[in-house]
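Coordinates from run_36.cif are shown below (mmCIF, N, CA and C atoms).
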data_structure
#
loop_
_atom_site.group_PDB
_atom_site.id
_atom_site.type_symbol
_atom_site.label_atom_id
_atom_site.label_comp_id
_atom_site.auth_asym_id
_atom_site.auth_seq_id
_atom_site.Cartn_x
_atom_site.Cartn_y
_atom_site.Cartn_z
ATOM 1 N N MET D 1 137.490 120.272 -21.237
ATOM 2 C CA MET D 1 138.094 121.411 -21.869
ATOM 3 C C MET D 1 138.849 122.158 -20.813
ATOM 4 N N GLY D 2 139.996 122.640 -21.136
ATOM 5 C CA GLY D 2 140.727 123.542 -20.265
ATOM 6 C C GLY D 2 140.989 124.809 -21.046
ATOM 7 N N ALA D 3 140.620 125.951 -20.530
ATOM 8 C CA ALA D 3 140.832 127.204 -21.240
ATOM 9 C C ALA D 3 141.971 127.952 -20.580
ATOM 10 N N LEU D 4 142.972 128.323 -21.343
ATOM 11 C CA LEU D 4 144.081 129.093 -20.830
ATOM 12 C C LEU D 4 143.818 130.542 -21.155
ATOM 13 N N ASP D 5 143.967 131.407 -20.191
ATOM 14 C CA ASP D 5 143.675 132.816 -20.378
ATOM 15 C C ASP D 5 144.854 133.620 -19.890
ATOM 16 N N SER D 6 145.530 134.313 -20.752
ATOM 17 C CA SER D 6 146.722 135.051 -20.361
ATOM 18 C C SER D 6 146.534 136.546 -20.589
ATOM 19 N N THR D 7 146.564 137.317 -19.521
ATOM 20 C CA THR D 7 146.447 138.761 -19.674
ATOM 21 C C THR D 7 147.696 139.336 -20.335
ATOM 22 N N LEU D 8 148.836 138.646 -20.245
ATOM 23 C CA LEU D 8 150.060 139.128 -20.876
ATOM 24 C C LEU D 8 149.956 139.114 -22.389
ATOM 25 N N SER D 9 149.165 138.218 -22.941
ATOM 26 C CA SER D 9 149.035 138.150 -24.399
ATOM 27 C C SER D 9 147.674 138.672 -24.858
ATOM 28 N N GLY D 10 147.070 139.560 -24.062
ATOM 29 C CA GLY D 10 145.825 140.193 -24.477
ATOM 30 C C GLY D 10 144.576 139.499 -23.996
ATOM 31 N N GLY D 11 144.699 138.542 -23.089
ATOM 32 C CA GLY D 11 143.539 137.803 -22.595
ATOM 33 C C GLY D 11 142.628 138.654 -21.734
ATOM 34 N N ARG D 12 141.565 138.041 -21.277
ATOM 35 C CA ARG D 12 140.587 138.732 -20.434
ATOM 36 C C ARG D 12 141.213 139.123 -19.101
ATOM 37 N N GLN D 13 140.811 140.281 -18.590
ATOM 38 C CA GLN D 13 141.266 140.718 -17.279
ATOM 39 C C GLN D 13 140.601 139.904 -16.171
ATOM 40 N N ILE D 14 139.352 139.495 -16.409
ATOM 41 C CA ILE D 14 138.583 138.714 -15.441
ATOM 42 C C ILE D 14 138.100 137.444 -16.135
ATOM 43 N N LEU D 15 138.323 136.293 -15.501
ATOM 44 C CA LEU D 15 137.865 135.031 -16.087
ATOM 45 C C LEU D 15 136.351 134.979 -16.110
ATOM 46 N N PRO D 16 135.752 134.292 -17.104
ATOM 47 C CA PRO D 16 134.306 134.124 -17.114
ATOM 48 C C PRO D 16 133.855 133.432 -15.820
ATOM 49 N N GLN D 17 132.686 133.806 -15.352
ATOM 50 C CA GLN D 17 132.190 133.262 -14.093
ATOM 51 C C GLN D 17 131.950 131.754 -14.186
ATOM 52 N N ALA D 18 132.485 131.020 -13.209
ATOM 53 C CA ALA D 18 132.264 129.577 -13.151
ATOM 54 C C ALA D 18 130.838 129.307 -12.724
ATOM 55 N N GLN D 19 130.203 128.370 -13.361
ATOM 56 C CA GLN D 19 128.841 127.942 -13.078
ATOM 57 C C GLN D 19 127.856 129.101 -13.163
ATOM 58 N N GLY D 20 128.192 130.098 -13.965
ATOM 59 C CA GLY D 20 127.313 131.256 -14.094
ATOM 60 C C GLY D 20 126.673 131.345 -15.460
ATOM 61 N N GLY D 21 126.611 130.262 -16.182
ATOM 62 C CA GLY D 21 126.012 130.308 -17.499
ATOM 63 C C GLY D 21 127.004 129.941 -18.578
ATOM 64 N N LEU D 22 126.757 130.442 -19.751
ATOM 65 C CA LEU D 22 127.549 130.089 -20.918
ATOM 66 C C LEU D 22 128.369 131.293 -21.364
ATOM 67 N N TYR D 23 129.532 131.025 -21.926
ATOM 68 C CA TYR D 23 130.450 132.041 -22.417
ATOM 69 C C TYR D 23 130.656 131.759 -23.904
ATOM 70 N N TYR D 24 130.321 132.734 -24.742
ATOM 71 C CA TYR D 24 130.384 132.553 -26.195
ATOM 72 C C TYR D 24 131.622 133.241 -26.755
ATOM 73 N N VAL D 25 132.390 132.503 -27.548
ATOM 74 C CA VAL D 25 133.598 133.027 -28.182
ATOM 75 C C VAL D 25 133.605 132.599 -29.645
ATOM 76 N N ILE D 26 134.584 133.092 -30.373
ATOM 77 C CA ILE D 26 134.715 132.777 -31.796
ATOM 78 C C ILE D 26 136.083 132.145 -32.018
ATOM 79 N N THR D 27 136.155 131.182 -32.924
ATOM 80 C CA THR D 27 137.422 130.554 -33.287
ATOM 81 C C THR D 27 137.984 131.240 -34.530
ATOM 82 N N PRO D 28 139.262 131.043 -34.802
ATOM 83 C CA PRO D 28 139.787 131.449 -36.109
ATOM 84 C C PRO D 28 139.238 130.474 -37.152
ATOM 85 N N PRO D 29 139.451 130.731 -38.427
ATOM 86 C CA PRO D 29 138.980 129.779 -39.440
ATOM 87 C C PRO D 29 139.509 128.366 -39.177
ATOM 88 N N LEU D 30 138.594 127.399 -39.227
ATOM 89 C CA LEU D 30 138.928 125.989 -39.008
ATOM 90 C C LEU D 30 138.483 125.168 -40.208
ATOM 91 N N PRO D 31 139.188 124.084 -40.512
ATOM 92 C CA PRO D 31 138.747 123.205 -41.604
ATOM 93 C C PRO D 31 137.434 122.528 -41.213
ATOM 94 N N SER D 32 136.563 122.361 -42.181
ATOM 95 C CA SER D 32 135.286 121.688 -41.944
ATOM 96 C C SER D 32 134.810 121.092 -43.260
ATOM 97 N N THR D 33 133.570 120.683 -43.302
ATOM 98 C CA THR D 33 133.010 120.120 -44.530
ATOM 99 C C THR D 33 132.610 121.204 -45.529
ATOM 100 N N LEU D 34 132.690 122.468 -45.136
ATOM 101 C CA LEU D 34 132.376 123.569 -46.047
ATOM 102 C C LEU D 34 133.513 123.720 -47.060
ATOM 103 N N PRO D 35 133.237 124.358 -48.192
ATOM 104 C CA PRO D 35 134.277 124.503 -49.221
ATOM 105 C C PRO D 35 135.544 125.206 -48.732
ATOM 106 N N GLU D 36 135.409 126.168 -47.818
ATOM 107 C CA GLU D 36 136.575 126.886 -47.304
ATOM 108 C C GLU D 36 136.503 126.946 -45.788
ATOM 109 N N PRO D 37 137.651 126.999 -45.112
ATOM 110 C CA PRO D 37 137.639 127.141 -43.654
ATOM 111 C C PRO D 37 136.916 128.414 -43.242
ATOM 112 N N CYS D 38 136.224 128.378 -42.120
ATOM 113 C CA CYS D 38 135.552 129.567 -41.606
ATOM 114 C C CYS D 38 135.588 129.564 -40.080
ATOM 115 N N SER D 39 135.310 130.729 -39.505
ATOM 116 C CA SER D 39 135.272 130.863 -38.055
ATOM 117 C C SER D 39 133.959 130.296 -37.525
ATOM 118 N N TRP D 40 134.010 129.815 -36.263
ATOM 119 C CA TRP D 40 132.829 129.214 -35.657
ATOM 120 C C TRP D 40 132.597 129.774 -34.266
ATOM 121 N N SER D 41 131.336 129.845 -33.856
ATOM 122 C CA SER D 41 131.007 130.213 -32.486
ATOM 123 C C SER D 41 131.176 128.987 -31.613
ATOM 124 N N LEU D 42 131.913 129.166 -30.513
ATOM 125 C CA LEU D 42 132.183 128.087 -29.573
ATOM 126 C C LEU D 42 131.549 128.479 -28.243
ATOM 127 N N VAL D 43 130.822 127.566 -27.651
ATOM 128 C CA VAL D 43 130.147 127.815 -26.384
ATOM 129 C C VAL D 43 130.947 127.122 -25.286
ATOM 130 N N LEU D 44 131.328 127.891 -24.276
ATOM 131 C CA LEU D 44 132.079 127.349 -23.145
ATOM 132 C C LEU D 44 131.208 127.401 -21.898
ATOM 133 N N GLN D 45 131.104 126.286 -21.223
ATOM 134 C CA GLN D 45 130.401 126.222 -19.946
ATOM 135 C C GLN D 45 131.480 126.017 -18.884
ATOM 136 N N ILE D 46 131.848 127.091 -18.203
ATOM 137 C CA ILE D 46 132.933 127.066 -17.222
ATOM 138 C C ILE D 46 132.410 126.463 -15.920
ATOM 139 N N THR D 47 133.123 125.468 -15.402
ATOM 140 C CA THR D 47 132.716 124.830 -14.150
ATOM 141 C C THR D 47 133.663 125.153 -13.001
ATOM 142 N N GLN D 48 134.897 125.574 -13.330
ATOM 143 C CA GLN D 48 135.880 125.847 -12.280
ATOM 144 C C GLN D 48 136.930 126.810 -12.802
ATOM 145 N N ASN D 49 137.293 127.803 -11.996
ATOM 146 C CA ASN D 49 138.357 128.745 -12.335
ATOM 147 C C ASN D 49 139.506 128.602 -11.360
ATOM 148 N N ASP D 50 140.713 128.844 -11.862
ATOM 149 C CA ASP D 50 141.894 128.937 -11.015
ATOM 150 C C ASP D 50 142.494 130.306 -11.293
ATOM 151 N N ASP D 51 142.259 131.254 -10.399
ATOM 152 C CA ASP D 51 142.715 132.624 -10.612
ATOM 153 C C ASP D 51 144.196 132.825 -10.324
ATOM 154 N N ALA D 52 144.880 131.785 -9.836
ATOM 155 C CA ALA D 52 146.312 131.913 -9.576
ATOM 156 C C ALA D 52 147.047 132.102 -10.895
ATOM 157 N N ASP D 53 147.922 133.081 -10.949
ATOM 158 C CA ASP D 53 148.690 133.353 -12.159
ATOM 159 C C ASP D 53 149.871 132.391 -12.219
ATOM 160 N N THR D 54 149.868 131.506 -13.215
ATOM 161 C CA THR D 54 150.936 130.530 -13.395
ATOM 162 C C THR D 54 151.666 130.851 -14.689
ATOM 163 N N ASN D 55 152.843 131.435 -14.583
ATOM 164 C CA ASN D 55 153.633 131.821 -15.763
ATOM 165 C C ASN D 55 152.851 132.725 -16.703
ATOM 166 N N GLY D 56 152.105 133.672 -16.175
ATOM 167 C CA GLY D 56 151.347 134.609 -16.997
ATOM 168 C C GLY D 56 150.037 134.064 -17.518
ATOM 169 N N ALA D 57 149.563 132.952 -16.963
ATOM 170 C CA ALA D 57 148.318 132.345 -17.441
ATOM 171 C C ALA D 57 147.414 131.982 -16.271
ATOM 172 N N ARG D 58 146.126 132.022 -16.516
ATOM 173 C CA ARG D 58 145.131 131.553 -15.562
ATOM 174 C C ARG D 58 144.292 130.510 -16.279
ATOM 175 N N TYR D 59 143.764 129.550 -15.540
ATOM 176 C CA TYR D 59 143.079 128.425 -16.162
ATOM 177 C C TYR D 59 141.640 128.303 -15.705
ATOM 178 N N SER D 60 140.806 127.789 -16.600
ATOM 179 C CA SER D 60 139.419 127.436 -16.296
ATOM 180 C C SER D 60 139.188 126.020 -16.799
ATOM 181 N N LEU D 61 138.270 125.332 -16.168
ATOM 182 C CA LEU D 61 137.847 124.011 -16.640
ATOM 183 C C LEU D 61 136.369 124.069 -16.958
ATOM 184 N N GLY D 62 135.939 123.236 -17.878
ATOM 185 C CA GLY D 62 134.531 123.196 -18.226
ATOM 186 C C GLY D 62 134.289 122.348 -19.460
ATOM 187 N N TYR D 63 133.234 122.693 -20.155
ATOM 188 C CA TYR D 63 132.806 121.944 -21.343
ATOM 189 C C TYR D 63 132.721 122.901 -22.524
ATOM 190 N N ALA D 64 132.959 122.370 -23.713
ATOM 191 C CA ALA D 64 132.912 123.188 -24.921
ATOM 192 C C ALA D 64 132.113 122.467 -26.000
ATOM 193 N N HIS D 65 131.337 123.241 -26.742
ATOM 194 C CA HIS D 65 130.680 122.710 -27.932
ATOM 195 C C HIS D 65 130.443 123.860 -28.905
ATOM 196 N N PHE D 66 130.339 123.507 -30.171
ATOM 197 C CA PHE D 66 130.074 124.513 -31.187
ATOM 198 C C PHE D 66 128.597 124.861 -31.187
ATOM 199 N N LEU D 67 128.298 126.093 -31.553
ATOM 200 C CA LEU D 67 126.914 126.566 -31.574
ATOM 201 C C LEU D 67 126.141 125.988 -32.762
ATOM 202 N N MET D 68 126.806 125.767 -33.870
ATOM 203 C CA MET D 68 126.135 125.299 -35.087
ATOM 204 C C MET D 68 126.370 123.809 -35.322
ATOM 205 N N ASP D 69 125.344 123.132 -35.795
ATOM 206 C CA ASP D 69 125.457 121.702 -36.100
ATOM 207 C C ASP D 69 126.482 121.427 -37.207
ATOM 208 N N GLU D 70 126.669 122.386 -38.126
ATOM 209 C CA GLU D 70 127.574 122.205 -39.258
ATOM 210 C C GLU D 70 129.042 122.381 -38.874
ATOM 211 N N ALA D 71 129.306 122.837 -37.666
ATOM 212 C CA ALA D 71 130.681 123.092 -37.216
ATOM 213 C C ALA D 71 131.473 121.787 -37.119
ATOM 214 N N PRO D 72 132.788 121.877 -37.152
ATOM 215 C CA PRO D 72 133.631 120.674 -37.117
ATOM 216 C C PRO D 72 133.776 120.097 -35.703
ATOM 217 N N SER D 73 132.692 119.584 -35.151
ATOM 218 C CA SER D 73 132.690 119.039 -33.793
ATOM 219 C C SER D 73 133.650 117.873 -33.628
ATOM 220 N N ASP D 74 133.983 117.213 -34.725
ATOM 221 C CA ASP D 74 134.925 116.097 -34.645
ATOM 222 C C ASP D 74 136.319 116.556 -34.201
ATOM 223 N N LEU D 75 136.601 117.854 -34.269
ATOM 224 C CA LEU D 75 137.885 118.375 -33.800
ATOM 225 C C LEU D 75 137.977 118.394 -32.276
ATOM 226 N N LEU D 76 136.838 118.417 -31.591
ATOM 227 C CA LEU D 76 136.824 118.538 -30.135
ATOM 228 C C LEU D 76 137.137 117.207 -29.468
ATOM 229 N N LYS D 77 138.383 116.799 -29.585
ATOM 230 C CA LYS D 77 138.859 115.566 -28.951
ATOM 231 C C LYS D 77 140.170 115.883 -28.237
ATOM 232 N N PRO D 78 140.581 115.057 -27.265
ATOM 233 C CA PRO D 78 141.774 115.360 -26.477
ATOM 234 C C PRO D 78 142.984 115.722 -27.337
ATOM 235 N N GLY D 79 143.642 116.795 -26.914
ATOM 236 C CA GLY D 79 144.821 117.283 -27.615
ATOM 237 C C GLY D 79 144.547 118.448 -28.551
ATOM 238 N N PHE D 80 143.294 118.656 -28.918
ATOM 239 C CA PHE D 80 142.944 119.761 -29.818
ATOM 240 C C PHE D 80 143.075 121.084 -29.072
ATOM 241 N N THR D 81 143.719 122.064 -29.685
ATOM 242 C CA THR D 81 143.800 123.406 -29.124
ATOM 243 C C THR D 81 143.342 124.409 -30.167
ATOM 244 N N VAL D 82 142.745 125.493 -29.688
ATOM 245 C CA VAL D 82 142.295 126.551 -30.587
ATOM 246 C C VAL D 82 142.305 127.871 -29.823
ATOM 247 N N ASP D 83 142.799 128.915 -30.482
ATOM 248 C CA ASP D 83 142.708 130.253 -29.912
ATOM 249 C C ASP D 83 141.242 130.656 -29.894
ATOM 250 N N ILE D 84 140.870 131.490 -28.921
ATOM 251 C CA ILE D 84 139.490 131.976 -28.873
ATOM 252 C C ILE D 84 139.495 133.500 -28.857
ATOM 253 N N TYR D 85 138.454 134.080 -29.444
ATOM 254 C CA TYR D 85 138.367 135.518 -29.648
ATOM 255 C C TYR D 85 137.025 136.055 -29.176
ATOM 256 N N GLU D 86 137.067 137.302 -28.697
ATOM 257 C CA GLU D 86 135.867 138.109 -28.503
ATOM 258 C C GLU D 86 135.978 139.187 -29.569
ATOM 259 N N GLY D 87 135.223 139.042 -30.654
ATOM 260 C CA GLY D 87 135.404 139.926 -31.800
ATOM 261 C C GLY D 87 136.803 139.716 -32.352
ATOM 262 N N PRO D 88 137.537 140.808 -32.632
ATOM 263 C CA PRO D 88 138.882 140.657 -33.197
ATOM 264 C C PRO D 88 139.970 140.411 -32.148
ATOM 265 N N ARG D 89 139.611 140.442 -30.862
ATOM 266 C CA ARG D 89 140.595 140.360 -29.777
ATOM 267 C C ARG D 89 140.754 138.936 -29.252
ATOM 268 N N LYS D 90 141.991 138.426 -29.328
ATOM 269 C CA LYS D 90 142.267 137.091 -28.774
ATOM 270 C C LYS D 90 142.176 137.184 -27.256
ATOM 271 N N VAL D 91 141.396 136.278 -26.653
ATOM 272 C CA VAL D 91 141.216 136.311 -25.208
ATOM 273 C C VAL D 91 141.700 135.044 -24.506
ATOM 274 N N GLY D 92 142.117 134.051 -25.263
ATOM 275 C CA GLY D 92 142.602 132.847 -24.603
ATOM 276 C C GLY D 92 142.823 131.719 -25.586
ATOM 277 N N LEU D 93 143.005 130.548 -25.001
ATOM 278 C CA LEU D 93 143.252 129.321 -25.750
ATOM 279 C C LEU D 93 142.433 128.222 -25.088
ATOM 280 N N VAL D 94 141.761 127.434 -25.892
ATOM 281 C CA VAL D 94 141.034 126.276 -25.381
ATOM 282 C C VAL D 94 141.821 125.033 -25.749
ATOM 283 N N GLU D 95 142.002 124.151 -24.768
ATOM 284 C CA GLU D 95 142.631 122.862 -25.001
ATOM 285 C C GLU D 95 141.683 121.790 -24.501
ATOM 286 N N VAL D 96 141.352 120.839 -25.383
ATOM 287 C CA VAL D 96 140.483 119.735 -25.001
ATOM 288 C C VAL D 96 141.344 118.691 -24.291
ATOM 289 N N ILE D 97 140.905 118.321 -23.072
ATOM 290 C CA ILE D 97 141.682 117.349 -22.293
ATOM 291 C C ILE D 97 140.859 116.103 -22.024
#
Let me see the structure of the file written as structure tokens.
Amino acid sequence: MGALDSTLSGGRQILPQAQGGLYYVITPPLPSTLPEPCSWSLVLQITQNDDADTNGARYSLGYAHFLMDEAPSDLLKPGFTVDIYEGPRKVGLVEVI
């Protein structure tokens, strides 16, 4: 997983700590086996941060998985991207690599 975090578009001011535990975020509504799309809790385990600002973005690497078994885990394959939120505030983008 690669997480893009841009302070220019409302992202976090400080990247989640690498190797410091788990970082919990929420996705926008995603298609799943449920009757209607819904938001899901996504757990990010950050293993490496790059604090260098590259075109208004900073990057983290790590692992991602959904908190609930019913979540659409089949979406977490290379090329999948999803915005991530802390409450109503968009804080970044996750891209599965």
With 6 Å as the threshold, what does the neighbourhood of (142.7, 129.0, -27.8) contain in terms of residues, counting only N, CA and C atoms? Coordinates are those of the file; answer as a list in words.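 Within the cut-off we find Thr81, Val82, Asp83, Ile84, Gly92, Leu93, Val94 and Glu95 of chain D.
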Between D:Ala71, D:Ala52, D:Val91, D:Ile46, which one has atoms that come closest to Thr33 in chain D, using only N, CA and C atoms?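 Distance minimum relative to Thr33 in chain D lands on D:Ala71.
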With all atoms of range 37-43 of chain D from the file as input, state the centre and edge lengths in Å to one decimal of the axis-aligned box that has 8 Å extra on each side, as JSON.
{"center_x": 133.9, "center_y": 128.9, "center_z": -35.2, "size_x": 23.5, "size_y": 19.9, "size_z": 35.8}
Have a look at CA of Ser39 in chain D and atom C of Asp51 in chain D and let me know their distance in Å, one decimal.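 Result for CA of Ser39 in chain D versus atom C of Asp51 in chain D: 29.2 Å, one decimal.
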Which residues come within 6.5 Å of Cys38 in chain D, counting all atoms listed in the file, excluding same-chain residues fewer than 4 positions away, as a list in words?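 Counting only the stated atoms, we get Thr27, Pro28, Pro29, Leu30, Pro31 and Ser32 of chain D.
Across D:Ile26, D:Gly21, D:Tyr59, D:Phe66, the tightest approach to Gln45 in chain D is made by D:Gly21 when counting only C-alpha atoms.
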Can you spell out as number ranges by chain the set of residues that the PyMOL selection byres (((chain D and resi 65 and name CA) around 6) and name CA) selects in the structure I just provided? D: 42-43, 64, 66
Could you tell me how far atom N of Trp40 in chain D sits from atom C of Met68 in chain D, in Å to one decimal place?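 One can read the atom C of Met68 in chain D to atom N of Trp40 in chain D distance as 9.8 Å.
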Would you work out the distance separating CA of Ala57 in chain D from CA of Pro37 in chain D, expressed in Å to one decimal? 28.8 Å
Selection in question (the file shown): the PyMOL selection byres (((chain D and resi 62 and name CA) around 7) and name CA). Which residues does it include, as a PyMOL selection string? chain D and resi 1-2+44-48+60-61+63-64
Name the residues of range 21-78 of chain D that come out as strand (DSSP E) in a backbone DSSP run; write them as a list of chain:residue names.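 Those in range 21-78 of chain D that DSSP calls strand (DSSP E) are D:Tyr23, D:Tyr24, D:Val25, D:Ile26, D:Ser41, D:Leu42, D:Val43, D:Leu44, D:Gln45, D:Ile46, D:Thr47, D:Gln48, D:Asn49, D:Asp50, D:Asp51, D:Ala52, D:Asp53, D:Thr54, D:Ala57, D:Arg58, D:Tyr59, D:Ser60, D:Leu61, D:Gly62, D:Tyr63, D:Ala64, D:His65, D:Phe66.
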